[in-house]
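Heads up: the structure comes next, in structure tokens.
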Amino acid sequence: MEDLRMAGFTHSVLLYNAKAGASTLDAVMGQAVPHLAASSKTLELIKTDSPEEMESACRSAAERADALFVAGGDGTVHLAARVLSSIDNPPPLGILPSGTCNDFARTMNIPLYLDEAASKLSQGQLQEVDTATINDGTFLNFAGIGLITDASVNIDPHLKERYGKLSYFMSAMQTMRQSEPFNVSLTIDGQSYEEEAVLVLAMNGKSIGTHLFPMQNIDPADGLLDVFIIQSSSFAAIREWFSLSKPHLTAEDLEHIIHLQGRDIDIRTNAPMDIDTDGEIYMQTPASIRVQPGKLNLLVPKEEDIFT
């Protein structure tokens with residue numbers, strides 16, 4: 001990893017969402033900008049008003065920046081990763097978490113407070129991370145079908161505003177009780193599987209809805225995706241799902257969940273099903289997923305700073 005302690009940036013760009021709310025914008029300006037400015041010869045701020053504008057600004061900024069910071073939640077990070085992974089030699093990406101779950105920031109041990117995140121990243125190091133293509137799209141954290149798309153659709157916006165990340169847990173619990181298994185055909189690196197499932201996940205990161213999965217095999221820089229198949233919504237399966245946060249759990253310990261790994265993954269269902277990619281739902285099965293090893297350079301805290 002390249003240490004940025006002494007190097008700094010010649011021209012860094014910060015993209016932020018104008019619709020994030022006054023308190024978030026105040027935090028970005030008051031807490032993040034001073035750290036980025038101190039580590040940059042020039043710092044350019046770009047305000048965007050829509051996902052389309054964010055994507056366009058990201059593509060344009062990538063041509064002139066030697067560091068691109070995005071302040072936002074998982075949807076904003078998803079857009080940035082989608083743009084940067086389509087560019088040859090993209091600039092390093094710095095994630096300044098200011099959303100509800102901030103899942104990939106959690107995976108990469110990026111602090112969840114803006115001032116601390118900006119400080120650690122501007123004096124941090126570079127780490128190559130994988131992305132994955134899915135049909136005509138890209139994801140950084142995960143792609144999933146079944147319970148996860150239902151839970152996202154069922155979230156009450158008023159509950160999300162009031163309870164934040166707890167609303168995802170409340171929606172997931174309600175969806176699990178109502179779920180019906182579906183048949184799914186998977187091909188992983190040429191090996192075929194026919195399963196009944198309530199949830200299928202292809203994971204690059206370790207966190208979904210703030211729930212961390214620190215299984216030793218899950219590494220966003222190993223050139224592999226981790227596939228999880230939850231076979232039912234029984235209490236035993238749900239309990240096992242949440243037990244995945246136990247640090248020494250292995251695939252052999254699982255009874256109601258199948259854990260596989262691969263580089264090329266094809267997912268087919270009897271009828272088209274919605275696919276959730278990093279919390280965004282805009283495509284359906286069948287899905288053709290291919291890992292892109294080391295596609296992005298991510299700004300992360302130095303290892304000695306992670307637990308300080």
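Ligands are numbered from 1 in the order shown, residues from 1 within each chain, and chains are lettered A, B, ... in the order they appear in the structure tokens.
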(request) Could you tell me, as a ChimeraX atom specification, which residues of segment 61-260 of chain A DSSP assigns to alpha helix (DSSP H) when given the backbone? (result) /A:61,74-84,103-107,114-122,147-154,157-163,165-178,235-243
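Compared by their closest atoms to Gly8 of chain A, and using only C-alpha atoms, the residues A:Gly190, A:Gly124, A:Gly144, A:Gly262 rank with A:Gly124 nearest.
The closest residue to Ala65 of chain A, picked from A:Asp278, A:Glu44, A:Asp130, A:Asp266 and counting only C-alpha atoms, is A:Glu44.
Of note, atom CA of Ile257 of chain A and atom CA of Tyr193 of chain A are spaced 13.8 Å apart.
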